[in-house]
Number of protein chains: 2
Amino acid sequence: MSGKSGSDKHKAILLVCDGLGDRPSVDGKTPLQAAYTPNLDELSEAGINGLMDVISPGIVPGSDTAHLSLFGYDPYTYYPGRGVFEALGADMDLHKRDVAFRANFATVDENMRVIDRRAGRKGSKELAEALNGLEIDGVTISMENTTEHRCAVVMRGKHLSRYVSDVDTHEAGDFVQECKPLKDGEAERKTATIVNKFVEKSYELLNDHPVNEERRQKGELPANIILLRGAGSYEKITSIKERFGFSAACVAGASLYKGVAKYLGMDIIPVEGATGRADTNLENKAEAALHALEEYDFVFVHVKDIDNNGHDGNYEGKKNIIAKIDKELVARLKDADAYIAVTGDHSTPVSIKRHSSDPVPLLIKGEGVRTDDVNKFDEISVSSGGLCRIKGIDLMPILADFMGYYTMYGT
Amino acid sequence: MSGKSGSDKHKAILLVCDGLGDRPSVDGKTPLQAAYTPNLDELSEAGINGLMDVISPGIVPGSDTAHLSLFGYDPYTYYPGRGVFEALGADMDLHKRDVAFRANFATVDENMRVIDRRAGRKGSKELAEALNGLEIDGVTISMENTTEHRCAVVMRGKHLSRYVSDVDTHEAGDFVQECKPLKDGEAERKTATIVNKFVEKSYELLNDHPVNEERRQKGELPANIILLRGAGSYEKITSIKERFGFSAACVAGASLYKGVAKYLGMDIIPVEGATGRADTNLENKAEAALHALEEYDFVFVHVKDIDNNGHDGNYEGKKNIIAKIDKELVARLKDADAYIAVTGDHSTPVSIKRHSSDPVPLLIKGEGVRTDDVNKFDEISVSSGGLCRIKGIDLMPILADFMGYYTMYGT
């Protein structure tokens, strides 16, 4: 038997700092240890702290699988493939069994050798429009240019499969890869064929397109091919509202996180100046989050740029952006009338410039939370906190119980 | 391959303090932090400490599922439904596939509106006897009045199912609910029909019963209907003795816990004055446990009243009963020649008056246990202990290994 509490509901903010975790590398300190973070430390002192393996110890999370786990969805069950999140994040319409891809405008020479897999980091709405709506072998292809060179591509038709290989070479200098079926099945062969035809067609339609002629004249790289990767297959899943009983909203700049949030049924709050880059407007994000909290029970706030500095191996950069987030975002959120949880989706140590499985720090502050002796929010200090070490998948049930949305198992 | 140790067997006591865990609410302290508990603190100092998620982080345990987990039985596999424990706790005979219910004497008016779902908290052996042995559609119904208004009901016959809804309204003022099949099946429909007929029959036989006429004359509420809930289906499962290799006994007052213990093959030690209420005789319980320890390898001791104070939101009451248990029970058990583990089955914070998923404190004291720096047994102090944070299902294997009853996995 189960029961829902009838009253005493509370709200919550979950702030996810992308790539927050790190390893000690300068003066034996992590960037988070070294950063000036009075607001995070205040939350840490008032709340309960611990370490969190976002997926499982030793498992290096991608940003997409990490976020599924953080929201209580086991990625081994619920991960639809990255392309689905890109398409949802680009606000594209998805139907059941549509196959979606993450895609790039790229520059190739006439031998299909990749000159720049990001086409000088510059896309074009007009070029995307030239490909949007193509039909190949009875399958309709939609395409959107999202930010810079990035695109999302959706294929709709019968018997498609997400189990096809990437066309993207992932390295300049290589030749464009042939898309291959990853399983021995009719749908996989059909999908791979359509992908290959689409890539070919994209070169045909883009290479001599006036937009590219103009780019060449200005000395810019032409965006003369589309490289696809990360095929995903869409299916509607049980939403956060259906699973936990509360309404949820997302405040994020980068489209991947908006895509994950949409997949889980959150509403996306538009924020002026939220770009997912270093220039993102943190004050606007804070205001948007606080405003959303009036209407929604749960607000997910995502900040991206910490991770970018990790990937760049930029210790000072990572330290500074953490301090900036503390000052411009955390300071505004910390006194909200809500539970607040702060964590990362994974570690991105500057020393190795990639995601790692090092657990991320986590704090939860709010009414009735058991406090501990931790008064500094960093990877080392929190390890002696009252949460000990939990898994990412457990975070939402813990928050839901604090918020008063719980189901008792048994009687 | 597996092996059993041939000698060096030890005994163990597991003391489960129902609803022990809490949240800081008065002067920033939990009732356990605030209570004077020199004996628990002595065990804490001499032993190893930690936090335990009885089922899983964020999962709010019922008392029944919590105890299965504490004894090493995954409730998601082994939970038979609450009614089975009630019937076993009432010492009723159960056969395979019998369907058992938790039931209440209640008071209804002539329109079947519930006046008091506990019939003034007063039952009657004679009224129970009037219903015991009824046969409906080839199904025999047994009934016992356990404590106060509480009863257990067992149905025996072909093709019965536990997947039927509760008749109990859970709220006074509501009308008696019709029992409905929870699955679309013959057995479910049949069981629901029999339950409805039984409830009707109970009103027929009880409403004008002389016992109730007498109650009315004394101005008491008549116990004129039986409300059923928590259907369970019995099947014998692997006992603790079969699983772990040691004999086990239960010292408890409240019938649910005796029922769980019987289900797992423990022997129930009768204890004079063990009531499961505030007036329970803790000294007798301690004596019974120490006495049982002479005959049995493992003794489970359960104390209930801490939880009741949590549900009542009574901070001082909870604090005081903890201190009383420390003085009258723990003081007597602490020097037994046995491992001793002390924990809760779940948290019942006085601030929210319900079970919560906050992990419970756990200590284990005994020969060779790794000690830690914790010297105070409470939810906050133990979080830095040597056990870190474990799950309830892991407790029994840990104790079994200390006791010398282990199975090596591999060679």
# chains A, B, ... in the order shown; residues from 1 in each chain; ligands from 1
>>> closest_atom_pairs(of="chain B", to="chain A", cutoff="9 Å", atoms="only C-alpha atoms", output="JSON lines")
{"residue": "B:Asp22", "atom": "CA", "partner": "A:Arg370", "partner_atom": "CA", "distance": 8.7}
{"residue": "B:Arg23", "atom": "CA", "partner": "A:Gly368", "partner_atom": "CA", "distance": 5.5}
{"residue": "B:Pro24", "atom": "CA", "partner": "A:Gly368", "partner_atom": "CA", "distance": 5.9}
{"residue": "B:Ser25", "atom": "CA", "partner": "A:Gly368", "partner_atom": "CA", "distance": 6.6}
{"residue": "B:Gly28", "atom": "CA", "partner": "A:Thr371", "partner_atom": "CA", "distance": 8.6}
{"residue": "B:Lys29", "atom": "CA", "partner": "A:Arg370", "partner_atom": "CA", "distance": 8.8}
{"residue": "B:Thr30", "atom": "CA", "partner": "A:Arg370", "partner_atom": "CA", "distance": 8.6}
{"residue": "B:Leu51", "atom": "CA", "partner": "A:Cys388", "partner_atom": "CA", "distance": 8.5}
{"residue": "B:Ser56", "atom": "CA", "partner": "A:Asp394", "partner_atom": "CA", "distance": 8.0}
{"residue": "B:Pro57", "atom": "CA", "partner": "A:Asp394", "partner_atom": "CA", "distance": 5.6}
{"residue": "B:Gly58", "atom": "CA", "partner": "A:Ile398", "partner_atom": "CA", "distance": 4.0}
{"residue": "B:Ile59", "atom": "CA", "partner": "A:Pro397", "partner_atom": "CA", "distance": 6.6}
{"residue": "B:Val60", "atom": "CA", "partner": "A:Met408", "partner_atom": "CA", "distance": 4.8}
{"residue": "B:Pro61", "atom": "CA", "partner": "A:Tyr409", "partner_atom": "CA", "distance": 5.2}
{"residue": "B:Gly62", "atom": "CA", "partner": "A:Thr411", "partner_atom": "CA", "distance": 4.3}
{"residue": "B:Ser63", "atom": "CA", "partner": "A:Thr411", "partner_atom": "CA", "distance": 6.0}
{"residue": "B:Asp64", "atom": "CA", "partner": "A:Gly410", "partner_atom": "CA", "distance": 6.1}
{"residue": "B:Thr65", "atom": "CA", "partner": "A:Gly410", "partner_atom": "CA", "distance": 5.3}
{"residue": "B:Ala66", "atom": "CA", "partner": "A:Gly410", "partner_atom": "CA", "distance": 8.0}
{"residue": "B:Pro75", "atom": "CA", "partner": "A:Gly410", "partner_atom": "CA", "distance": 8.7}
{"residue": "B:Tyr79", "atom": "CA", "partner": "A:Gly410", "partner_atom": "CA", "distance": 8.3}
{"residue": "B:Gly81", "atom": "CA", "partner": "A:Gly410", "partner_atom": "CA", "distance": 7.8}
{"residue": "B:Arg82", "atom": "CA", "partner": "A:Thr411", "partner_atom": "CA", "distance": 7.0}
{"residue": "B:Gly230", "atom": "CA", "partner": "A:Met1", "partner_atom": "CA", "distance": 6.9}
{"residue": "B:Pro349", "atom": "CA", "partner": "A:Gly368", "partner_atom": "CA", "distance": 9.0}
{"residue": "B:Ser351", "atom": "CA", "partner": "A:Gly368", "partner_atom": "CA", "distance": 7.8}
{"residue": "B:Ile352", "atom": "CA", "partner": "A:Asp8", "partner_atom": "CA", "distance": 8.2}
{"residue": "B:Arg354", "atom": "CA", "partner": "A:Ser5", "partner_atom": "CA", "distance": 8.7}
{"residue": "B:His355", "atom": "CA", "partner": "A:Met408", "partner_atom": "CA", "distance": 7.8}
{"residue": "B:Ser356", "atom": "CA", "partner": "A:Asp401", "partner_atom": "CA", "distance": 6.9}
{"residue": "B:Ser357", "atom": "CA", "partner": "A:Asp401", "partner_atom": "CA", "distance": 6.8}
{"residue": "B:Asp358", "atom": "CA", "partner": "A:Ile398", "partner_atom": "CA", "distance": 8.0}
{"residue": "B:Glu379", "atom": "CA", "partner": "A:Arg370", "partner_atom": "CA", "distance": 8.0}
{"residue": "B:Ile380", "atom": "CA", "partner": "A:Asp372", "partner_atom": "CA", "distance": 6.5}
{"residue": "B:Ser381", "atom": "CA", "partner": "A:Asp372", "partner_atom": "CA", "distance": 8.5}
{"residue": "B:Val382", "atom": "CA", "partner": "A:Gly386", "partner_atom": "CA", "distance": 8.6}
{"residue": "B:Ser383", "atom": "CA", "partner": "A:Gly386", "partner_atom": "CA", "distance": 5.2}
{"residue": "B:Ser384", "atom": "CA", "partner": "A:Ser384", "partner_atom": "CA", "distance": 6.1}
{"residue": "B:Cys388", "atom": "CA", "partner": "A:Cys388", "partner_atom": "CA", "distance": 6.4}
{"residue": "B:Arg389", "atom": "CA", "partner": "A:Cys388", "partner_atom": "CA", "distance": 6.3}
>>> residues_around(residues="range 173-185 of chain A", least_positions_apart="5", cutoff="12 Å", atoms="only C-alpha atoms", output="ChimeraX atom specification")
/A:106-117,159-168,190-200,203,225-231
>>> select_by_dssp(residues="range 219-348 of chain A", states="alpha helix (DSSP H)", output="PyMOL selection string")
chain A and resi 240-244+255-263+282-295+305-311+315-325+331-333
>>> write_last_selection(atoms="C-alpha atoms", output="compact mmCIF listing (two decimals), in the first residue's frame")
# COMPACT_ATOMS: atom_id res chain seq x y z
CA ILE A 240 8.91 13.87 -13.58
CA LYS A 241 5.42 15.10 -12.74
CA GLU A 242 4.01 11.60 -13.24
CA ARG A 243 6.82 9.91 -11.32
CA PHE A 244 7.31 12.27 -8.41
CA SER A 255 20.43 23.02 -25.85
CA LEU A 256 21.43 19.53 -24.65
CA TYR A 257 20.21 20.27 -21.12
CA LYS A 258 17.01 21.81 -22.37
CA GLY A 259 16.56 18.68 -24.45
CA VAL A 260 17.01 16.34 -21.48
CA ALA A 261 14.63 18.50 -19.45
CA LYS A 262 11.98 18.40 -22.18
CA TYR A 263 12.40 14.63 -22.51
CA LEU A 282 24.03 34.56 -14.67
CA GLU A 283 21.93 37.29 -13.11
CA ASN A 284 19.18 36.72 -15.66
CA LYS A 285 19.35 33.02 -14.96
CA ALA A 286 18.98 33.61 -11.24
CA GLU A 287 16.01 35.90 -11.81
CA ALA A 288 14.42 33.40 -14.18
CA ALA A 289 14.89 30.61 -11.64
CA LEU A 290 13.39 32.59 -8.80
CA HIS A 291 10.51 33.64 -11.01
CA ALA A 292 9.94 30.04 -12.14
CA LEU A 293 9.88 28.97 -8.51
CA GLU A 294 6.68 30.94 -8.06
CA GLU A 295 4.91 28.78 -10.60
CA ASP A 305 31.03 27.01 -18.61
CA ILE A 306 32.85 25.34 -15.70
CA ASP A 307 33.01 22.21 -17.84
CA ASN A 308 34.40 24.06 -20.84
CA ASN A 309 37.34 25.28 -18.74
CA GLY A 310 37.95 21.73 -17.55
CA HIS A 311 38.09 20.51 -21.15
CA TYR A 315 42.75 25.89 -13.99
CA GLU A 316 42.49 29.64 -13.45
CA GLY A 317 39.55 29.86 -15.80
CA LYS A 318 37.70 27.11 -13.99
CA LYS A 319 38.48 28.65 -10.61
CA ASN A 320 37.30 32.08 -11.78
CA ILE A 321 34.05 30.91 -13.34
CA ILE A 322 33.21 29.01 -10.16
CA ALA A 323 33.74 32.20 -8.14
CA LYS A 324 31.63 34.13 -10.65
CA ILE A 325 28.78 31.62 -10.37
CA ALA A 331 24.16 34.53 -3.94
CA ARG A 332 20.76 35.20 -5.51
CA LEU A 333 19.38 31.67 -5.14
>>> select_by_dssp(residues="range 109-147 of chain A", states="strand (DSSP E or B)", output="list in words")
Arg113, Val114, Ile115, Asp116, Leu134, Glu135, Ile136, Val139, Thr140, Ile141, Ser142, Met143, Glu144 and Asn145 of chain A
>>> write_last_selection(atoms="N, CA and C atoms", output="mmCIF file, in the first residue's frame")
data_model
loop_
_atom_site.group_PDB
_atom_site.id
_atom_site.type_symbol
_atom_site.label_atom_id
_atom_site.label_comp_id
_atom_site.auth_asym_id
_atom_site.auth_seq_id
_atom_site.Cartn_x
_atom_site.Cartn_y
_atom_site.Cartn_z
ATOM 1 N N ARG A 113 37.462 14.669 -47.803
ATOM 2 C CA ARG A 113 38.342 14.737 -46.645
ATOM 3 C C ARG A 113 37.902 15.946 -45.799
ATOM 4 N N VAL A 114 37.845 15.745 -44.496
ATOM 5 C CA VAL A 114 37.332 16.806 -43.632
ATOM 6 C C VAL A 114 38.426 17.846 -43.363
ATOM 7 N N ILE A 115 38.153 19.079 -43.778
ATOM 8 C CA ILE A 115 39.080 20.199 -43.551
ATOM 9 C C ILE A 115 38.834 20.769 -42.148
ATOM 10 N N ASP A 116 37.554 20.994 -41.837
ATOM 11 C CA ASP A 116 37.170 21.495 -40.506
ATOM 12 C C ASP A 116 35.817 20.897 -40.156
ATOM 13 N N LEU A 134 13.748 17.440 -46.941
ATOM 14 C CA LEU A 134 14.126 16.442 -47.957
ATOM 15 C C LEU A 134 13.419 15.128 -47.684
ATOM 16 N N GLU A 135 13.116 14.402 -48.762
ATOM 17 C CA GLU A 135 12.546 13.072 -48.593
ATOM 18 C C GLU A 135 13.444 12.069 -49.288
ATOM 19 N N ILE A 136 13.858 11.044 -48.566
ATOM 20 C CA ILE A 136 14.729 10.018 -49.144
ATOM 21 C C ILE A 136 14.122 8.652 -48.847
ATOM 22 N N VAL A 139 11.384 8.542 -46.400
ATOM 23 C CA VAL A 139 11.644 9.093 -45.061
ATOM 24 C C VAL A 139 11.826 10.607 -45.176
ATOM 25 N N THR A 140 11.113 11.334 -44.330
ATOM 26 C CA THR A 140 11.208 12.796 -44.357
ATOM 27 C C THR A 140 12.276 13.248 -43.369
ATOM 28 N N ILE A 141 13.091 14.195 -43.795
ATOM 29 C CA ILE A 141 14.203 14.649 -42.959
ATOM 30 C C ILE A 141 14.028 16.122 -42.605
ATOM 31 N N SER A 142 14.025 16.390 -41.295
ATOM 32 C CA SER A 142 13.937 17.773 -40.836
ATOM 33 C C SER A 142 15.284 18.176 -40.272
ATOM 34 N N MET A 143 15.564 19.446 -40.373
ATOM 35 C CA MET A 143 16.877 19.896 -39.919
ATOM 36 C C MET A 143 16.796 21.310 -39.360
ATOM 37 N N GLU A 144 17.529 21.517 -38.280
ATOM 38 C CA GLU A 144 17.604 22.848 -37.655
ATOM 39 C C GLU A 144 19.055 23.182 -37.371
ATOM 40 N N ASN A 145 19.433 24.408 -37.629
ATOM 41 C CA ASN A 145 20.738 24.909 -37.196
ATOM 42 C C ASN A 145 20.517 25.532 -35.814
#
>>> residues_around(residues="Tyr78 in chain A", least_positions_apart="4", cutoff="8 Å", atoms="only C-alpha atoms", output="PyMOL selection string")
chain A and resi 68+73-74
>>> residues_around(residues="range 267-281 of chain B", least_positions_apart="4", cutoff="6 Å", atoms="only C-alpha atoms", output="PyMOL selection string")
chain B and resi 249-251+253-254+304-305
>>> write_last_selection(atoms="N, CA and C atoms", output="short mmCIF file (atom, residue, chain, number, x, y, z; two decimals), in the first residue's frame")
data_model
loop_
_atom_site.label_atom_id
_atom_site.label_comp_id
_atom_site.auth_asym_id
_atom_site.auth_seq_id
_atom_site.Cartn_x
_atom_site.Cartn_y
_atom_site.Cartn_z
N ALA B 249 15.42 -15.85 17.38
CA ALA B 249 14.23 -15.64 18.20
C ALA B 249 13.85 -14.18 18.22
N CYS B 250 12.59 -13.91 18.49
CA CYS B 250 12.05 -12.56 18.47
C CYS B 250 11.46 -12.17 19.82
N VAL B 251 11.86 -11.01 20.31
CA VAL B 251 11.29 -10.44 21.53
C VAL B 251 10.62 -9.12 21.13
N GLY B 253 6.63 -6.73 21.27
CA GLY B 253 5.30 -6.60 21.82
C GLY B 253 4.23 -6.53 20.74
N ALA B 254 4.45 -5.68 19.76
CA ALA B 254 3.42 -5.45 18.75
C ALA B 254 3.36 -6.62 17.77
N LYS B 304 8.70 -0.40 20.17
CA LYS B 304 7.80 0.29 19.26
C LYS B 304 7.55 1.75 19.60
N ASP B 305 7.57 2.12 20.86
CA ASP B 305 6.94 3.37 21.25
C ASP B 305 7.65 4.65 20.78
#
>>> atom_distance(atom1="CA of Ala87 in chain B", atom2="CA of Ala152 in chain B")
5.2 Å
>>> residues_around(residues="Val330 in chain A", least_positions_apart="6", cutoff="9 Å", atoms="only C-alpha atoms", output="ChimeraX atom specification")
/A:15,39-40,286
>>> residues_around(residues="Asp297 in chain B", least_positions_apart="3", cutoff="8 Å", atoms="only C-alpha atoms", output="PyMOL selection string")
chain B and resi 10-12+246-248+293-294
>>> atom_distance(atom1="CA of Arg215 in chain A", atom2="CA of Ala130 in chain A")
16.1 Å
